[in-house]
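*Asks:* Pasting in a structure now, in structure tokens, and then I'll have a few things to ask.
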Amino acid sequence: MSIIVSPQERLSLRSKLREHFGFKRFRLGQEEAIASAMQGKDTVVVMPTGSGKSLCYQLPGLALEGTTVVVSPLLALMKDQADALARRGFPVAEVNSTLNDRQSKLAEEAIEVGLPEFIFTTPERMADPEFREVLKRRKLDLFVIDEAHCISQWGHDFRPDYLDLGHAIDDLGKPPVLAMTATATPEVIDDIVESLHIPDAELVHTGFYRPNLSLSVQRADGEEAKRNALLHLLSGAEGTGIVYCATVKAVEELTAFLESLGLPVTCYHGRLSQKRRAESQDRFMRGEVRAMIATNAFGLGIDKPDIRFVVHYHVPGTIEAYYQEFGRAGRDGEAARGILIYDPADRALQSFFRGKLPDAEDLINAHHTVARLADEPEAPNLSDLMKISPLPKTRLRVCLSMLIRFGLVREEKGRRYRTVRAELMPGEARRLASRFREREERGKLKQHQMVEYAESRSCRWAGLLDYFGNEELPGQACGHCDRCEGLVDRAQVSEAG
């Protein structure tokens, strides 16, 4: 970090911390990130789950003159953060797909007269030129991107709507940017910086090591062995935890099995009704269940610091996803566990989830779809394009984002699209598609690296820290993974002798 915080700044920041939030001191990295934002610098913040990233935009957002825009990928996460600020008496606005036309109009009117201190929105809304016109009427002191790894084509949770954020930032007059994530390799950080057009961004990186988390892998071949391993873990576990499954079917079957044995569990996945998800989450938050059985739809924004264990019932697709998910345990700093139940046969699941990425033919089809409607009085929107497109909706959106990024299609007011050139040549399309092929190959590599972690005979923490950028352990062995616990004990006996 090259951020210099003067004694006067430090005193002022700590005074604001006590005034607005009642805290006496900053956590690791918070002061540097806040100081960078207060100085008007673009900043990338990499901090583990539960380390207080939200404060890094909340305090400068309150202290600076102007409005802070916060872009968040999940509506539930956005609501939690907005509600937390509102409870403290700070004016906030949410602009997202849950609002009806009247609510959207009221929110935009409030923004125009400068009422909210914080505006929480989605990448989809930021891609709307009309919404950006509303924001342009306000002085923006900070533009925040939460879960910023979603921007990167190498990130574990890549989302095409995030690709438009760099253009949105430029269109808004380049306000200072604060991009935050818990998981980012050096290449992901580079991609975030490039995609957001912030080449001189400061980096606040507090490291990935969590000494209170004990990591282990349990080999179990076949469903019966996996269930027995999980039962053994749950019978000896203290407190409440999460069991992650790769599919909705697995969540429901495992929940039914555990309930049939009288174990207090509940479940969470995206196909449940909103009411059922809320009920399950409330029971989990109150500590009424031993475990939440869930897909990866559960976890972002869950403010429960005393989760004592996270079990992965299937091998995750990437180390980044695995780190983020087991990192939801032990946010209170007390001892917690991250356990992977590893069946080599589960590796095929992640290959299935990767699916087929767009190729050169897809890009040509997407460009041709927009070009076919070029003579219409009004540029087509996504619904217009879908009526004549040979591509499914998600693939068309990914292709449009790539074509916009490379100047072959432009987005007009109201999320409408025009071609910049009448034709996309096959050679050009192949060059663009190579970006997707490279990502597909990288996905295979990431899955292989996750399997290497599961099958490794070396220190679990050392392997993770090496993956994330050569961070070193405080000692030769971590002492709290299944590969090192005995080594540390023997070393201590040897030193005593």
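Quick note on naming: the chains in the structure tokens go A, B, ... in the order shown, residues restart at 1 in each chain, and ligands are numbered from 1 in order of appearance.
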If you run DSSP on the backbone here, which positions in stretch 266-299 of chain A get alpha helix (DSSP H)? Please write them as a short mmCIF file (atom, residue, chain, number, x, y, z; two decimals) with C-alpha atoms, in the first residue's frame.

*Replies:*
data_model
loop_
_atom_site.label_atom_id
_atom_site.label_comp_id
_atom_site.auth_asym_id
_atom_site.auth_seq_id
_atom_site.Cartn_x
_atom_site.Cartn_y
_atom_site.Cartn_z
CA GLN A 274 -39.19 -15.86 -0.95
CA LYS A 275 -41.23 -16.66 2.17
CA ARG A 276 -39.56 -20.06 2.62
CA ARG A 277 -36.08 -18.60 2.11
CA ALA A 278 -36.80 -15.86 4.67
CA GLU A 279 -38.11 -18.38 7.20
CA SER A 280 -35.05 -20.61 6.79
CA GLN A 281 -32.68 -17.69 7.07
CA ASP A 282 -34.42 -16.40 10.21
CA ARG A 283 -34.19 -19.82 11.91
CA PHE A 284 -30.50 -20.00 11.01
CA MET A 285 -29.77 -16.49 12.25
#

*Asks:* Within 6 Å of stretch 31-48 of chain A, counting only C-alpha atoms, which residues show up once you throw out same-chain ones fewer than 6 positions away? Write them as a PDB file with C-alpha atoms, in the first residue's frame, please.

*Replies:*
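Now in around-v6.pdb:
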ATOM      1  CA  CYS A  56     -14.599   1.495   3.958  1.00  0.00           C
ATOM      2  CA  PRO A  60     -16.116   8.444   3.628  1.00  0.00           C
ATOM      3  CA  PRO A 176     -13.504   8.228  -7.288  1.00  0.00           C
ATOM      4  CA  VAL A 177     -13.983   4.449  -7.444  1.00  0.00           C
ATOM      5  CA  LEU A 178     -13.866   2.008  -4.525  1.00  0.00           C
ATOM      6  CA  ALA A 179     -13.880  -1.631  -5.731  1.00  0.00           C
ATOM      7  CA  MET A 180     -14.189  -4.211  -2.951  1.00  0.00           C
ATOM      8  CA  THR A 181     -13.849  -7.999  -2.852  1.00  0.00           C
ATOM      9  CA  ALA A 182     -12.885 -10.802  -0.486  1.00  0.00           C
ATOM     10  CA  ALA A 201      -5.813   2.746  -8.438  1.00  0.00           C
ATOM     11  CA  GLU A 202      -4.357   2.205  -4.986  1.00  0.00           C
ATOM     12  CA  LEU A 203      -4.479  -1.333  -3.617  1.00  0.00           C
ATOM     13  CA  VAL A 204      -5.385  -2.128  -0.009  1.00  0.00           C
ATOM     14  CA  HIS A 205      -4.775  -5.841   0.542  1.00  0.00           C
ATOM     15  CA  THR A 206      -4.887  -7.261   4.063  1.00  0.00           C
TER      16      THR A 206
END

*Asks:* So, counting only C-alpha atoms, which residue among A:Val69, A:Val113, A:Ala360, A:Leu17 is closest to A:Arg132?

*Replies:* A:Val69

*Asks:* What's around A:Ser54 at 10 Å? Count only C-alpha atoms, leave out sequence neighbours fewer than 5 positions away in its own chain, and write the answer as a PDB file with N, CA and C atoms, in the first residue's frame.

*Replies:*
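Saved result, part24.pdb, follows:
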ATOM      1  N   GLN A  30      -8.769  -0.949   7.120  1.00  0.00           N
ATOM      2  CA  GLN A  30      -9.890  -0.013   6.984  1.00  0.00           C
ATOM      3  C   GLN A  30      -9.407   1.436   6.901  1.00  0.00           C
ATOM      4  N   LEU A  59     -18.011   5.301   5.932  1.00  0.00           N
ATOM      5  CA  LEU A  59     -17.454   6.465   6.629  1.00  0.00           C
ATOM      6  C   LEU A  59     -17.104   7.591   5.656  1.00  0.00           C
ATOM      7  N   GLN A  81     -27.466  -3.993   3.648  1.00  0.00           N
ATOM      8  CA  GLN A  81     -26.558  -2.861   3.829  1.00  0.00           C
ATOM      9  C   GLN A  81     -27.331  -1.548   3.931  1.00  0.00           C
ATOM     10  N   VAL A 144     -18.972   2.991  -5.598  1.00  0.00           N
ATOM     11  CA  VAL A 144     -18.540   1.762  -4.922  1.00  0.00           C
ATOM     12  C   VAL A 144     -19.038   0.540  -5.691  1.00  0.00           C
ATOM     13  N   ASP A 146     -19.361  -3.404  -4.963  1.00  0.00           N
ATOM     14  CA  ASP A 146     -19.226  -4.517  -4.030  1.00  0.00           C
ATOM     15  C   ASP A 146     -19.085  -5.819  -4.818  1.00  0.00           C
ATOM     16  N   MET A 180     -14.440  -3.381  -4.125  1.00  0.00           N
ATOM     17  CA  MET A 180     -14.189  -4.211  -2.951  1.00  0.00           C
ATOM     18  C   MET A 180     -14.496  -5.679  -3.227  1.00  0.00           C
TER      19      MET A 180
END

*Asks:* Could you pull the residues within 10 Å of stretch 402-409 of chain A, counting only C-alpha atoms, minus those fewer than 2 positions along the same chain, as a PDB file with C-alpha atoms, in the first residue's frame?

*Replies:*
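Output (part38.pdb):
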ATOM      1  CA  PRO A 160     -21.763  -9.891 -17.856  1.00  0.00           C
ATOM      2  CA  LEU A 163     -18.821  -5.295 -17.914  1.00  0.00           C
ATOM      3  CA  ASP A 164     -20.759  -2.046 -18.437  1.00  0.00           C
ATOM      4  CA  GLY A 166     -16.391   1.045 -16.662  1.00  0.00           C
ATOM      5  CA  HIS A 167     -18.469   2.845 -19.294  1.00  0.00           C
ATOM      6  CA  SER A 195     -12.324  -3.054 -16.808  1.00  0.00           C
ATOM      7  CA  LEU A 363     -20.678 -13.039 -31.840  1.00  0.00           C
ATOM      8  CA  ILE A 364     -21.437 -12.784 -35.565  1.00  0.00           C
ATOM      9  CA  ALA A 366     -25.398 -11.210 -32.117  1.00  0.00           C
ATOM     10  CA  HIS A 367     -23.908  -8.456 -34.304  1.00  0.00           C
ATOM     11  CA  VAL A 370     -28.550  -5.797 -34.081  1.00  0.00           C
ATOM     12  CA  ALA A 371     -27.628  -4.865 -37.681  1.00  0.00           C
ATOM     13  CA  LEU A 396     -26.969 -12.755 -26.402  1.00  0.00           C
ATOM     14  CA  ARG A 397     -26.397 -10.460 -23.407  1.00  0.00           C
ATOM     15  CA  VAL A 398     -22.823 -11.714 -22.968  1.00  0.00           C
ATOM     16  CA  CYS A 399     -22.132 -11.170 -26.690  1.00  0.00           C
ATOM     17  CA  LEU A 400     -23.636  -7.664 -26.632  1.00  0.00           C
ATOM     18  CA  GLU A 411     -25.650   1.365 -26.248  1.00  0.00           C
ATOM     19  CA  GLU A 412     -28.126   4.220 -26.513  1.00  0.00           C
ATOM     20  CA  TYR A 417     -28.428  -0.970 -29.242  1.00  0.00           C
ATOM     21  CA  ARG A 418     -26.946   0.186 -32.560  1.00  0.00           C
ATOM     22  CA  THR A 419     -24.149  -1.327 -34.612  1.00  0.00           C
ATOM     23  CA  VAL A 420     -21.142   0.918 -35.183  1.00  0.00           C
ATOM     24  CA  ARG A 421     -20.253  -1.011 -38.330  1.00  0.00           C
ATOM     25  CA  ALA A 422     -22.570  -2.827 -40.722  1.00  0.00           C
ATOM     26  CA  GLU A 423     -20.639  -6.102 -40.610  1.00  0.00           C
ATOM     27  CA  LEU A 424     -18.438  -8.079 -38.234  1.00  0.00           C
ATOM     28  CA  ALA A 429     -15.046 -12.427 -34.432  1.00  0.00           C
ATOM     29  CA  LEU A 432     -12.872 -11.722 -29.834  1.00  0.00           C
ATOM     30  CA  ALA A 433     -14.068 -15.288 -29.242  1.00  0.00           C
ATOM     31  CA  ARG A 435     -11.187 -14.283 -25.051  1.00  0.00           C
ATOM     32  CA  PHE A 436     -14.000 -16.691 -24.227  1.00  0.00           C
TER      33      PHE A 436
END

*Asks:* For A:Leu258, please output as a PyMOL selection string all residues within 10 Å (counting only C-alpha atoms; exclusion window: fewer than 3 positions along the same chain).

*Replies:* chain A and resi 227+230-231+253-255+261-266+291+293

*Asks:* Please produce a file of the residues just selected, as an mmCIF file, in the first residue's frame, where the atoms kept are N, CA and C atoms.

*Replies:*
data_model
loop_
_atom_site.group_PDB
_atom_site.id
_atom_site.type_symbol
_atom_site.label_atom_id
_atom_site.label_comp_id
_atom_site.auth_asym_id
_atom_site.auth_seq_id
_atom_site.Cartn_x
_atom_site.Cartn_y
_atom_site.Cartn_z
ATOM 1 N N ARG A 227 -22.583 -39.280 3.369
ATOM 2 C CA ARG A 227 -23.592 -39.012 4.390
ATOM 3 C C ARG A 227 -23.091 -39.415 5.781
ATOM 4 N N LEU A 230 -20.697 -36.784 6.968
ATOM 5 C CA LEU A 230 -21.400 -35.576 7.405
ATOM 6 C C LEU A 230 -22.069 -35.798 8.760
ATOM 7 N N LEU A 231 -22.698 -36.947 8.957
ATOM 8 C CA LEU A 231 -23.330 -37.242 10.244
ATOM 9 C C LEU A 231 -22.313 -37.211 11.372
ATOM 10 N N GLU A 253 -32.575 -33.439 -1.021
ATOM 11 C CA GLU A 253 -32.425 -34.832 -0.598
ATOM 12 C C GLU A 253 -31.651 -34.931 0.715
ATOM 13 N N LEU A 254 -30.591 -34.138 0.853
ATOM 14 C CA LEU A 254 -29.790 -34.196 2.069
ATOM 15 C C LEU A 254 -30.575 -33.645 3.260
ATOM 16 N N THR A 255 -31.350 -32.584 3.036
ATOM 17 C CA THR A 255 -32.181 -32.023 4.112
ATOM 18 C C THR A 255 -33.200 -33.051 4.594
ATOM 19 N N LEU A 261 -33.646 -38.253 10.483
ATOM 20 C CA LEU A 261 -32.892 -38.741 11.636
ATOM 21 C C LEU A 261 -33.092 -37.865 12.865
ATOM 22 N N GLY A 262 -33.956 -36.869 12.729
ATOM 23 C CA GLY A 262 -34.259 -36.009 13.860
ATOM 24 C C GLY A 262 -33.295 -34.860 14.071
ATOM 25 N N LEU A 263 -32.424 -34.602 13.101
ATOM 26 C CA LEU A 263 -31.474 -33.498 13.238
ATOM 27 C C LEU A 263 -32.153 -32.173 12.884
ATOM 28 N N PRO A 264 -31.939 -31.133 13.684
ATOM 29 C CA PRO A 264 -32.560 -29.825 13.409
ATOM 30 C C PRO A 264 -31.806 -29.074 12.308
ATOM 31 N N VAL A 265 -32.291 -29.193 11.080
ATOM 32 C CA VAL A 265 -31.662 -28.507 9.947
ATOM 33 C C VAL A 265 -32.748 -27.789 9.158
ATOM 34 N N THR A 266 -32.325 -26.876 8.306
ATOM 35 C CA THR A 266 -33.227 -26.233 7.363
ATOM 36 C C THR A 266 -32.484 -26.077 6.053
ATOM 37 N N ALA A 291 -27.658 -26.859 11.277
ATOM 38 C CA ALA A 291 -27.006 -26.488 10.017
ATOM 39 C C ALA A 291 -28.020 -26.000 8.995
ATOM 40 N N ILE A 293 -28.595 -26.259 5.119
ATOM 41 C CA ILE A 293 -28.191 -27.016 3.936
ATOM 42 C C ILE A 293 -28.533 -26.146 2.727
#

*Asks:* Could you give me, as a Markdown table, every stretch 13-121 of chain A residue with an atom at most 9 Å from stretch 331-343 of chain A, plus its closest atom pair and distance in Å to one decimal, counting only C-alpha atoms, rows ordered by chain then number?

*Replies:*
| residue | atom | partner | partner_atom | distance |
| --- | --- | --- | --- | --- |
| A:Thr49 | CA | A:Arg331 | CA | 7.5 |
| A:Gly50 | CA | A:Arg331 | CA | 5.3 |
| A:Ser51 | CA | A:Arg331 | CA | 7.6 |

*Asks:* Could you write those residues out with C-alpha atoms, as a short mmCIF file (atom, residue, chain, number, x, y, z; two decimals), in the first residue's frame?

*Replies:*
data_model
loop_
_atom_site.label_atom_id
_atom_site.label_comp_id
_atom_site.auth_asym_id
_atom_site.auth_seq_id
_atom_site.Cartn_x
_atom_site.Cartn_y
_atom_site.Cartn_z
CA THR A 49 -15.22 -11.96 4.53
CA GLY A 50 -16.26 -10.36 7.81
CA SER A 51 -13.33 -7.94 8.04
#

*Asks:* Among stretch 128-163 of chain A, which ones does DSSP assign to strand (DSSP E) (computed from the backbone)? Answer as a PDB file with C-alpha atoms, in the first residue's frame.

*Replies:*
ATOM      1  CA  LEU A 140     -21.002  11.965  -6.612  1.00  0.00           C
ATOM      2  CA  ASP A 141     -18.279  11.675  -3.978  1.00  0.00           C
ATOM      3  CA  LEU A 142     -17.715   7.928  -4.370  1.00  0.00           C
ATOM      4  CA  PHE A 143     -18.668   5.104  -6.753  1.00  0.00           C
ATOM      5  CA  VAL A 144     -18.540   1.762  -4.922  1.00  0.00           C
ATOM      6  CA  ILE A 145     -18.560  -1.716  -6.502  1.00  0.00           C
TER       7      ILE A 145
END

*Asks:* Point out the residue among A:Gln8, A:Leu165, A:Lys16, A:Asp200 with the least atom-to-atom distance to A:Val71, counting only C-alpha atoms.

*Replies:*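 Closest residue, counting only C-alpha atoms: A:Leu165.
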
*Asks:* Could you work out how far atom CA of A:Asp346 lies from atom CA of A:Gly317, giving the answer in Å with one decimal?

*Replies:*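 These two atoms are separated by 10.3 Å.
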
*Asks:* For A:Arg483, list every protein, DNA or RNA residue within 9 Å, evaluated using only C-alpha atoms, and leave out those in the same chain fewer than 6 positions away; present the list as a PyMOL selection string.

*Replies:* chain A and resi 215-216+456-460+477

*Asks:* May I have the residues from that selection written out with N, CA and C atoms, as a compact mmCIF listing (two decimals), in the first residue's frame?

*Replies:*
# COMPACT_ATOMS: atom_id res chain seq x y z
N LEU A 215 -8.74 -25.98 8.67
CA LEU A 215 -9.16 -26.55 7.39
C LEU A 215 -8.86 -28.04 7.33
N SER A 216 -9.77 -28.79 6.73
CA SER A 216 -9.54 -30.23 6.57
C SER A 216 -10.31 -30.75 5.37
N SER A 456 -4.05 -32.72 -1.93
CA SER A 456 -2.70 -32.35 -1.50
C SER A 456 -2.31 -33.02 -0.19
N ARG A 457 -1.03 -33.33 -0.05
CA ARG A 457 -0.49 -33.84 1.21
C ARG A 457 0.25 -32.75 1.98
N SER A 458 0.18 -31.53 1.47
CA SER A 458 0.89 -30.41 2.10
C SER A 458 -0.09 -29.55 2.89
N CYS A 459 0.44 -28.55 3.57
CA CYS A 459 -0.35 -27.63 4.39
C CYS A 459 -1.47 -26.99 3.57
N ARG A 460 -2.68 -27.09 4.06
CA ARG A 460 -3.83 -26.52 3.34
C ARG A 460 -3.70 -25.01 3.20
N ALA A 477 4.60 -24.19 9.48
CA ALA A 477 3.35 -24.94 9.40
C ALA A 477 2.25 -24.14 10.07

*Asks:* Might you pull out every residue within 7 Å of A:Phe298, with only C-alpha atoms counted and same-chain residues fewer than 2 positions away left off, and present them as an MDAnalysis selection string?

*Replies:* chainID A and resid 268:269 294:296 300

*Asks:* Here is a test: counting only C-alpha atoms, which residue of A:Leu373, A:Leu75, A:Leu445, A:Leu13 is nearest to A:Arg416?

*Replies:*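 The answer is A:Leu373, which sits nearest to A:Arg416.
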
*Asks:* Go through A:Lys136, A:Ser152, A:Gly22, A:Arg210 and flag the residue nearest A:Lys174, using only C-alpha atoms for the distances.

*Replies:*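 Nearest to A:Lys174: A:Lys136.
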
*Asks:* Can you work out which one of A:Val92, A:Val248, A:Met450, A:Leu106 has the shortest atom-to-atom distance to A:Cys267, counting only C-alpha atoms?

*Replies:*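 Looking only at the distances to A:Cys267, the closest residue turns out to be A:Val248.
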
*Asks:* Taking a cut-off of 6 Å and counting only C-alpha atoms, can you build a table that, for each residue of stretch 329-425 of chain A near stretch 124-130 of chain A, reports the nearest atom pair and how far apart they are in Å (one decimal), sorted by chain then residue number, as CSV?

*Replies:*
residue,atom,partner,partner_atom,distance
A:Lys413,CA,A:Pro129,CA,4.9
A:Gly414,CA,A:Asp128,CA,5.9
A:Arg415,CA,A:Asp128,CA,5.5

*Asks:* Pull C-alpha atoms from the residues just selected and write them as a PDB file, in the first residue's frame.

*Replies:*
ATOM      1  CA  LYS A 413     -30.614   5.722 -24.089  1.00  0.00           C
ATOM      2  CA  GLY A 414     -33.057   3.215 -22.638  1.00  0.00           C
ATOM      3  CA  ARG A 415     -30.684   0.239 -23.042  1.00  0.00           C
TER       4      ARG A 415
END
